[in-house]
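Asks: So here's work.cif (mmCIF, C-alpha atoms).
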```
data_run
#
loop_
_atom_site.label_atom_id
_atom_site.label_comp_id
_atom_site.auth_asym_id
_atom_site.auth_seq_id
_atom_site.Cartn_x
_atom_site.Cartn_y
_atom_site.Cartn_z
CA MET A 1 -179.04 11.40 30.73
CA LEU A 2 -176.51 8.96 31.92
CA ARG A 3 -174.48 6.88 29.47
CA THR A 4 -173.41 3.61 30.58
CA VAL A 5 -169.69 2.88 29.99
CA SER A 6 -168.49 -0.57 29.85
CA ARG A 7 -165.75 -1.85 32.19
CA SER A 8 -163.34 -2.53 29.33
CA THR A 9 -163.61 1.00 27.99
CA LEU A 10 -162.89 2.53 31.38
CA SER A 11 -159.74 0.47 31.77
CA SER A 12 -158.36 1.62 28.45
CA VAL A 13 -158.91 5.29 29.37
CA ARG A 14 -157.02 4.87 32.64
CA ARG A 15 -154.02 3.26 30.91
CA SER A 16 -153.84 6.14 28.41
CA THR A 17 -153.92 8.77 31.16
CA THR A 18 -151.18 7.01 33.09
CA ARG A 19 -148.86 6.97 30.06
CA GLN A 20 -149.38 10.72 29.52
CA THR A 21 -148.66 11.69 33.14
CA SER A 22 -145.54 9.49 33.34
CA TYR A 23 -143.88 11.19 30.32
CA LYS A 24 -140.83 13.22 31.32
CA LEU A 25 -139.71 16.40 29.55
CA PRO A 26 -136.24 16.37 28.09
CA GLN A 27 -133.66 17.99 30.39
CA LYS A 28 -132.31 21.34 29.13
CA THR A 29 -128.68 22.35 29.92
CA TYR A 30 -127.19 25.81 29.64
CA TYR A 31 -124.02 26.33 27.56
CA GLN A 32 -121.81 29.36 27.07
CA ARG A 33 -120.63 30.11 23.54
CA ASN A 34 -119.29 33.31 22.07
CA ASN A 35 -119.98 35.12 25.37
CA GLN A 36 -123.76 34.29 25.11
CA LEU A 37 -125.79 31.94 27.29
CA THR A 38 -127.91 29.42 25.36
CA PHE A 39 -129.75 26.30 26.40
CA SER A 40 -130.27 23.15 24.48
CA SER A 41 -131.23 19.59 25.11
CA SER A 42 -127.99 18.35 23.53
CA PRO A 43 -124.42 19.68 24.01
CA PRO A 44 -122.91 21.73 21.17
CA PRO A 45 -120.24 20.09 19.03
CA PRO A 46 -116.67 20.80 20.19
CA SER A 47 -115.09 23.72 18.42
CA THR A 48 -111.84 23.09 16.59
CA PRO A 49 -109.28 25.92 17.05
CA PRO A 50 -108.36 27.47 13.71
CA SER A 51 -104.82 26.78 12.53
CA SER A 52 -103.73 30.39 12.42
CA ALA A 53 -101.67 32.93 14.33
CA ALA A 54 -104.71 33.67 16.44
CA THR A 55 -104.55 30.15 17.89
CA VAL A 56 -100.94 30.58 18.92
CA ALA A 57 -101.68 33.94 20.50
CA LYS A 58 -104.68 32.49 22.31
CA TYR A 59 -102.81 29.64 23.98
CA ALA A 60 -99.79 31.82 24.64
CA LYS A 61 -101.86 33.89 27.06
CA THR A 62 -102.03 33.19 30.73
CA ARG A 63 -105.00 31.40 32.16
CA ALA A 64 -106.15 34.65 33.76
CA GLY A 65 -106.51 36.17 30.28
CA THR A 66 -108.18 33.21 28.55
CA GLY A 67 -110.21 31.65 31.31
CA ASN A 68 -108.40 28.36 30.72
CA MET A 69 -107.89 26.89 34.15
CA ASP A 70 -105.17 24.53 32.92
CA GLY A 71 -103.09 27.15 31.14
CA PHE A 72 -102.22 25.00 28.12
CA GLY A 73 -103.66 24.28 24.69
CA PRO A 74 -104.97 21.10 23.09
CA GLY A 75 -102.31 18.40 22.90
CA GLU A 76 -99.94 20.30 25.25
CA GLU A 77 -98.58 19.11 28.57
CA PRO A 78 -99.49 21.04 31.70
CA MET A 79 -96.90 23.65 32.74
CA SER A 80 -95.99 24.73 36.24
CA MET A 81 -97.12 28.18 37.24
CA ILE A 82 -93.87 28.71 39.25
CA PRO A 83 -91.32 30.65 37.10
CA ARG A 84 -87.91 29.09 36.63
CA GLY A 85 -84.82 31.19 37.57
CA PRO A 86 -81.25 31.15 36.19
CA VAL A 87 -80.03 28.83 38.99
CA SER A 88 -80.34 25.12 38.43
CA TRP A 89 -78.87 21.99 39.92
CA VAL A 90 -76.45 21.72 37.00
CA SER A 91 -75.13 25.25 37.48
CA LEU A 92 -74.78 24.70 41.22
CA GLY A 93 -72.79 21.55 40.54
CA LEU A 94 -70.45 23.38 38.17
CA VAL A 95 -69.89 26.13 40.74
CA ALA A 96 -69.07 23.56 43.41
CA VAL A 97 -66.53 21.83 41.14
CA ALA A 98 -64.87 25.15 40.25
CA ALA A 99 -64.68 26.17 43.91
CA ALA A 100 -63.12 22.86 44.92
CA THR A 101 -60.54 23.19 42.13
CA ALA A 102 -59.63 26.73 43.21
CA VAL A 103 -59.22 25.71 46.85
CA GLY A 104 -57.02 22.78 45.87
CA TYR A 105 -54.81 24.96 43.68
CA TYR A 106 -54.47 27.54 46.46
CA GLN A 107 -53.33 24.92 48.97
CA ILE A 108 -50.78 23.45 46.56
CA GLU A 109 -49.40 26.89 45.65
CA ARG A 110 -49.20 27.88 49.31
CA GLU A 111 -47.20 24.78 50.19
CA ARG A 112 -44.84 25.38 47.27
CA ARG A 113 -44.16 28.96 48.32
CA LEU A 114 -43.59 27.93 51.92
CA GLU A 115 -41.03 25.38 50.76
CA ASN A 116 -39.24 28.03 48.72
CA ALA A 117 -39.29 30.46 51.62
CA MET A 118 -37.86 27.87 54.00
CA GLY A 119 -34.91 27.50 51.66
CA LYS A 120 -34.22 31.25 51.83
CA ILE A 121 -34.04 31.69 55.58
CA VAL A 122 -30.69 33.29 56.30
CA SER A 123 -28.39 32.64 59.20
CA SER A 124 -25.68 35.18 58.34
CA GLU A 125 -25.25 38.67 56.93
CA SER A 126 -24.57 37.31 53.41
CA GLY A 127 -28.31 36.93 52.80
CA TRP A 128 -29.90 36.15 49.43
CA SER A 129 -31.50 37.90 46.46
CA PRO A 130 -35.08 37.36 45.24
CA ASN A 131 -33.80 37.40 41.64
CA PRO A 132 -29.99 37.51 41.27
CA GLU A 133 -30.27 38.39 37.58
CA TYR A 134 -31.99 41.69 38.27
CA PHE A 135 -31.42 42.43 41.97
CA ALA A 136 -28.21 42.68 43.94
CA LYS A 137 -27.59 40.42 46.89
CA ARG A 138 -29.21 41.72 50.05
CA LYS A 139 -27.27 42.34 53.23
CA PHE A 140 -28.80 41.14 56.49
CA LYS A 141 -28.38 42.29 60.07
CA LYS A 142 -28.99 40.21 63.16
CA THR A 143 -31.47 41.65 65.64
CA LYS A 144 -33.21 40.30 68.72
CA HIS A 145 -36.00 39.15 66.40
CA GLY A 146 -33.68 37.32 63.99
CA TRP A 147 -31.95 38.19 60.73
CA PHE A 148 -33.51 41.07 58.82
CA PRO A 149 -32.45 42.80 55.56
CA VAL A 150 -30.59 46.06 55.98
CA GLU A 151 -32.80 48.94 54.88
CA ASP A 152 -31.81 50.90 51.82
CA ALA A 153 -33.33 53.30 49.31
CA PHE A 154 -34.69 50.56 47.05
CA GLY A 155 -37.30 49.03 49.35
CA GLY A 156 -37.92 45.45 50.32
CA ALA A 157 -36.79 43.82 47.07
CA GLY A 158 -33.35 45.38 47.34
CA LYS A 159 -31.26 47.36 44.91
CA PRO A 160 -31.09 46.44 41.21
CA ALA A 161 -28.18 44.30 40.03
CA ILE A 162 -26.50 47.26 38.32
CA GLY A 163 -22.80 48.00 38.24
CA GLY A 164 -19.75 45.94 38.96
CA GLU A 165 -16.04 45.96 38.31
CA TRP A 166 -14.71 48.01 35.42
CA SER A 167 -11.48 49.64 34.21
CA LEU A 168 -10.94 52.72 31.98
CA VAL A 169 -8.40 55.53 31.57
CA ASP A 170 -8.55 59.18 32.64
CA LEU A 171 -7.42 62.29 30.75
CA ASP A 172 -3.84 61.71 31.78
CA GLY A 173 -3.84 58.17 30.46
CA ASN A 174 -3.84 56.59 33.92
CA LEU A 175 -5.72 53.37 34.59
CA VAL A 176 -8.86 53.97 36.64
CA THR A 177 -11.09 51.25 38.10
CA ASN A 178 -14.14 51.13 40.31
CA LYS A 179 -11.79 50.62 43.25
CA SER A 180 -10.24 54.03 42.60
CA PHE A 181 -13.29 55.77 44.07
CA GLU A 182 -13.71 53.82 47.28
CA GLY A 183 -14.44 56.20 50.13
CA LYS A 184 -16.16 58.64 47.74
CA TRP A 185 -19.76 58.99 46.68
CA THR A 186 -19.96 59.23 42.89
CA LEU A 187 -22.38 60.67 40.33
CA LEU A 188 -21.80 58.59 37.19
CA TYR A 189 -23.09 59.67 33.76
CA PHE A 190 -22.67 58.06 30.31
CA GLY A 191 -22.49 60.36 27.26
CA PHE A 192 -20.35 61.51 24.33
CA ALA A 193 -18.53 64.73 23.52
CA ARG A 194 -20.38 65.48 20.28
CA CYS A 195 -23.81 65.30 21.85
CA PRO A 196 -25.65 68.45 20.77
CA ASP A 197 -27.98 69.06 23.72
CA ILE A 198 -28.92 66.30 26.18
CA CYS A 199 -25.43 65.45 27.47
CA PRO A 200 -24.43 69.08 28.06
CA SER A 201 -27.74 69.72 29.82
CA GLU A 202 -27.33 66.76 32.17
CA MET A 203 -23.71 67.60 32.91
CA VAL A 204 -24.61 71.21 33.71
CA LYS A 205 -27.29 69.88 36.07
CA VAL A 206 -24.70 67.78 37.89
CA GLY A 207 -22.49 70.88 38.13
CA GLN A 208 -25.36 72.79 39.75
CA VAL A 209 -25.83 69.94 42.21
CA MET A 210 -22.15 70.12 43.14
CA ASP A 211 -22.34 73.89 43.65
CA THR A 212 -25.43 73.59 45.84
CA LEU A 213 -23.83 70.87 47.94
CA ALA A 214 -20.67 72.99 48.34
CA GLN A 215 -22.73 75.94 49.58
CA GLU A 216 -25.28 74.22 51.78
CA TYR A 217 -23.60 70.92 52.71
CA PRO A 218 -19.83 71.45 52.44
CA ASP A 219 -19.01 68.38 54.51
CA LEU A 220 -20.96 66.21 52.10
CA ALA A 221 -19.76 67.95 48.95
CA LYS A 222 -16.10 67.09 49.54
CA ASN A 223 -17.00 63.39 49.50
CA VAL A 224 -18.90 63.51 46.17
CA LYS A 225 -17.16 63.04 42.81
CA PRO A 226 -18.91 63.43 39.40
CA ILE A 227 -17.73 61.04 36.65
CA PHE A 228 -18.29 61.20 32.89
CA VAL A 229 -17.81 58.03 30.80
CA SER A 230 -17.71 58.33 27.01
CA VAL A 231 -19.84 55.87 25.04
CA ASP A 232 -18.16 56.99 21.79
CA PRO A 233 -14.53 55.91 22.25
CA ALA A 234 -13.92 55.93 18.49
CA ARG A 235 -14.14 59.74 18.39
CA ASP A 236 -13.71 60.76 22.04
CA SER A 237 -9.95 60.66 22.29
CA LEU A 238 -8.09 62.01 25.31
CA LYS A 239 -7.41 65.24 23.41
CA ALA A 240 -11.09 65.66 22.47
CA LEU A 241 -12.21 65.01 26.03
CA LYS A 242 -9.73 67.54 27.42
CA GLU A 243 -11.26 70.22 25.23
CA TYR A 244 -14.73 69.08 26.14
CA ALA A 245 -13.99 69.15 29.88
CA LYS A 246 -13.26 72.89 29.83
CA ASP A 247 -16.97 73.69 29.56
CA PHE A 248 -18.08 71.85 32.70
CA HIS A 249 -17.60 71.68 36.44
CA PRO A 250 -13.94 71.41 37.45
CA THR A 251 -14.54 68.45 39.78
CA TYR A 252 -15.56 66.20 36.87
CA VAL A 253 -13.51 63.09 36.12
CA PHE A 254 -13.60 62.20 32.40
CA LEU A 255 -13.00 58.57 31.44
CA THR A 256 -12.75 56.63 28.20
CA GLY A 257 -11.21 53.40 26.99
CA SER A 258 -11.23 50.84 24.23
CA PRO A 259 -14.57 49.99 22.58
CA ASP A 260 -14.56 46.65 24.38
CA GLN A 261 -13.94 48.24 27.79
CA VAL A 262 -16.69 50.79 27.28
CA GLN A 263 -19.11 48.16 26.01
CA GLN A 264 -18.52 45.89 29.00
CA MET A 265 -19.05 48.71 31.47
CA ALA A 266 -22.19 49.91 29.69
CA LYS A 267 -23.58 46.38 29.80
CA LYS A 268 -23.03 46.10 33.55
CA TYR A 269 -24.94 49.33 34.06
CA ARG A 270 -27.65 48.30 31.57
CA VAL A 271 -26.96 51.38 29.46
CA TYR A 272 -28.52 51.40 26.01
CA VAL A 273 -26.02 52.55 23.33
CA SER A 274 -26.73 52.69 19.59
CA LYS A 275 -25.36 54.63 16.62
CA ALA A 276 -27.97 56.84 14.94
CA ASP A 277 -28.43 59.39 12.13
CA GLU A 278 -25.20 58.47 10.35
CA THR A 279 -24.43 60.71 7.35
CA GLU A 280 -22.51 60.01 4.13
CA ASP A 281 -19.37 61.67 5.47
CA GLY A 282 -19.32 59.32 8.50
CA ASP A 283 -20.72 61.68 11.11
CA TYR A 284 -23.34 60.25 13.49
CA LEU A 285 -25.09 60.63 16.80
CA VAL A 286 -25.28 58.13 19.64
CA ASP A 287 -28.55 57.14 21.30
CA HIS A 288 -27.98 56.18 24.92
CA SER A 289 -29.70 55.93 28.28
CA ILE A 290 -30.05 59.20 30.17
CA VAL A 291 -29.50 58.23 33.80
CA ILE A 292 -27.23 59.50 36.56
CA TYR A 293 -26.04 56.64 38.80
CA PHE A 294 -25.34 57.58 42.42
CA HIS A 295 -22.96 55.25 44.30
CA ASP A 296 -22.14 55.16 47.99
CA ASP A 297 -18.64 55.21 49.45
CA THR A 298 -18.36 51.42 49.10
CA GLY A 299 -19.14 51.47 45.38
CA ASP A 300 -22.66 50.09 45.73
CA LEU A 301 -25.52 51.72 43.88
CA ALA A 302 -27.40 54.08 46.19
CA ASP A 303 -29.89 55.69 43.79
CA CYS A 304 -30.62 56.64 40.18
CA PHE A 305 -31.63 60.07 38.87
CA THR A 306 -33.52 60.50 35.61
CA GLN A 307 -33.59 63.35 33.13
CA SER A 308 -36.90 64.67 34.48
CA MET A 309 -35.45 65.44 37.92
CA ARG A 310 -34.45 69.01 38.69
CA PRO A 311 -31.13 69.92 40.35
CA SER A 312 -32.95 70.61 43.63
CA ASP A 313 -34.53 67.14 43.48
CA VAL A 314 -31.14 65.52 42.97
CA VAL A 315 -29.64 67.49 45.85
CA GLU A 316 -32.45 66.38 48.13
CA LYS A 317 -31.93 62.73 47.21
CA VAL A 318 -28.14 62.93 47.55
CA VAL A 319 -28.38 64.44 51.03
CA GLU A 320 -31.00 61.90 52.03
CA ARG A 321 -28.88 58.95 50.89
CA MET A 322 -25.65 60.25 52.41
CA THR A 323 -27.30 60.88 55.78
CA PHE A 324 -29.45 57.77 55.77
CA VAL A 325 -29.31 55.82 59.05
CA SER A 326 -30.58 52.26 59.23
CA ASN A 327 -33.34 51.65 61.74
CA VAL A 328 -32.96 47.89 61.81
#
```
As structure tokens, what does this structure read like?
Replies:
Amino acid sequence: MLRTVSRSTLSSVRRSTTRQTSYKLPQKTYYQRNNQLTFSSSPPPPSTPPSSAATVAKYAKTRAGTGNMDGFGPGEEPMSMIPRGPVSWVSLGLVAVAAATAVGYYQIERERRLENAMGKIVSSESGWSPNPEYFAKRKFKKTKHGWFPVEDAFGGAGKPAIGGEWSLVDLDGNLVTNKSFEGKWTLLYFGFARCPDICPSEMVKVGQVMDTLAQEYPDLAKNVKPIFVSVDPARDSLKALKEYAKDFHPTYVFLTGSPDQVQQMAKKYRVYVSKADETEDGDYLVDHSIVIYFHDDTGDLADCFTQSMRPSDVVEKVVERMTFVSNV
């Protein structure tokens, strides 16, 4: 049986169907939270990082460890992924300034030394000394290349400024000066007659040197004279020295003088002299330098021999100096 539907009813049904078909479902979006995938029609509320040490550790990690593509935490500025080294523009600038200062100082010092050297160019054999207070005046020889220092045993700086004019008396009371030994090579030693061990040992060593020279180099030995100078003139009288001389080599020349004469000579040879171990009865020892000074036949210092040298070492040096030939 057919039911008749009115036109107005049919229109209302159509409008209702149209509204139902045009309704759209709410869009669902997937979100990741706590390593789990969920979906919801609305985004989850933003999570606030807890204010604890965990937060600091989290944002201190690299982006590879946290998944944070920016590599910085909330409220922080982005940081460059390129590591910074120890070199910066400031350090490079400081290095450049220091280098420029060093180069400038070098140029100024070089010019100053050249000026000083120009003032020391010699035009005669008189020459000059690098330090007159400590080194003797150099002697120069003219060659085809110009004036050059005469070679000696003391190297390029020259011989030390040791020695000079002096005057003392021998065992016979005769005046003796440095001029008295011109033409002879001398072995000069400073000591005192009451020395218990060191002075006798050094004087015996010189005696052995003289004996070796007489046996192996007789022509040289006759031109060598050993000299003993007392640094204790208050007790080393001529009589005391005569007794003392009997125990040593017969070629020795023993000299003494007034305290002032001895002091002046010791000063010129830079000999240290000091009274030591003085007792209540007035007896004492004398501390002094232990050096043997070897002079050439003009009176100039040729070499120095220390206590550690053996007699054979001294002989070798004496022969070398006496037979030395300049190659300039």
Asks: Hey, can you check how far CA of Lys267 in chain A sits from CA of Gly163 in chain A?
Replies: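 These atoms are spaced 8.6 Å apart.
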Asks: Just the number, please: distance in Å from CA of His295 in chain A to CA of Leu187 in chain A, one decimal.
Replies: 6.7 Å
Asks: Determine the residue membership of the PyMOL selection byres ((chain A and resi 236) around 12) for the file above and supply it as a ChimeraX atom specification.
Replies: /A:170-171,191-195,228-235,237-245,254-259,262
Asks: Within 10 Å of range 197-203 of chain A, which residues of range 279-315 of chain A show up? Give each one with its shortest atom-to-atom distance in Å (one decimal) and the two atoms involved, counting only C-alpha atoms, rows by chain then rising residue number, as a tab-separated table.
Replies:
```
residue	atom	partner	partner_atom	distance
A:His288	CA	A:Cys199	CA	9.9
A:Ile290	CA	A:Ile198	CA	8.2
A:Val291	CA	A:Glu202	CA	9.0
A:Ile292	CA	A:Glu202	CA	8.5
A:Thr306	CA	A:Glu202	CA	9.5
A:Gln307	CA	A:Glu202	CA	7.2
A:Arg310	CA	A:Glu202	CA	9.9
A:Pro311	CA	A:Glu202	CA	9.6
```
Asks: Output C-alpha atoms for every residue in the selection just made, as a PDB file, in the coordinates of the input.
Replies:
```
ATOM      1  CA  HIS A 288     -27.980  56.180  24.920  1.00  0.00           C
ATOM      2  CA  ILE A 290     -30.050  59.200  30.170  1.00  0.00           C
ATOM      3  CA  VAL A 291     -29.500  58.230  33.800  1.00  0.00           C
ATOM      4  CA  ILE A 292     -27.230  59.500  36.560  1.00  0.00           C
ATOM      5  CA  THR A 306     -33.520  60.500  35.610  1.00  0.00           C
ATOM      6  CA  GLN A 307     -33.590  63.350  33.130  1.00  0.00           C
ATOM      7  CA  ARG A 310     -34.450  69.010  38.690  1.00  0.00           C
ATOM      8  CA  PRO A 311     -31.130  69.920  40.350  1.00  0.00           C
TER       9      PRO A 311
END
```
Asks: In Å, how far is it from CA of Trp166 in chain A to CA of Ala221 in chain A?
Replies: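 Rounded to one decimal, the two atoms are 24.6 Å apart.
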Asks: With only C-alpha atoms as the basis for distance, which of A:Phe181, A:Tyr269, A:Phe190, A:Trp89 is at the shortest distance from Lys225 in chain A?
Replies: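 Nearest to Lys225 in chain A: A:Phe181.
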Asks: Which is closer to Pro250 in chain A than all the others in A:Val206, A:Ser180, A:Asn174, A:Tyr106, using only C-alpha atoms?
Replies: A:Val206
Asks: Going by the chain IDs and residue numbers used in this file, which residues fall under the PyMOL selection byres ((chain A and resi 298) around 7)? Write them as a VMD selection string.
Replies: chain A and resid 182 to 183 296 to 297 299 to 300
Asks: Nearest residue to Val315 in chain A out of A:Ala99, A:Leu94, A:Leu188, A:Ala214, using all atoms listed in the file?
Replies: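 Using all atoms listed in the file, the shortest distance to Val315 in chain A belongs to A:Ala214.
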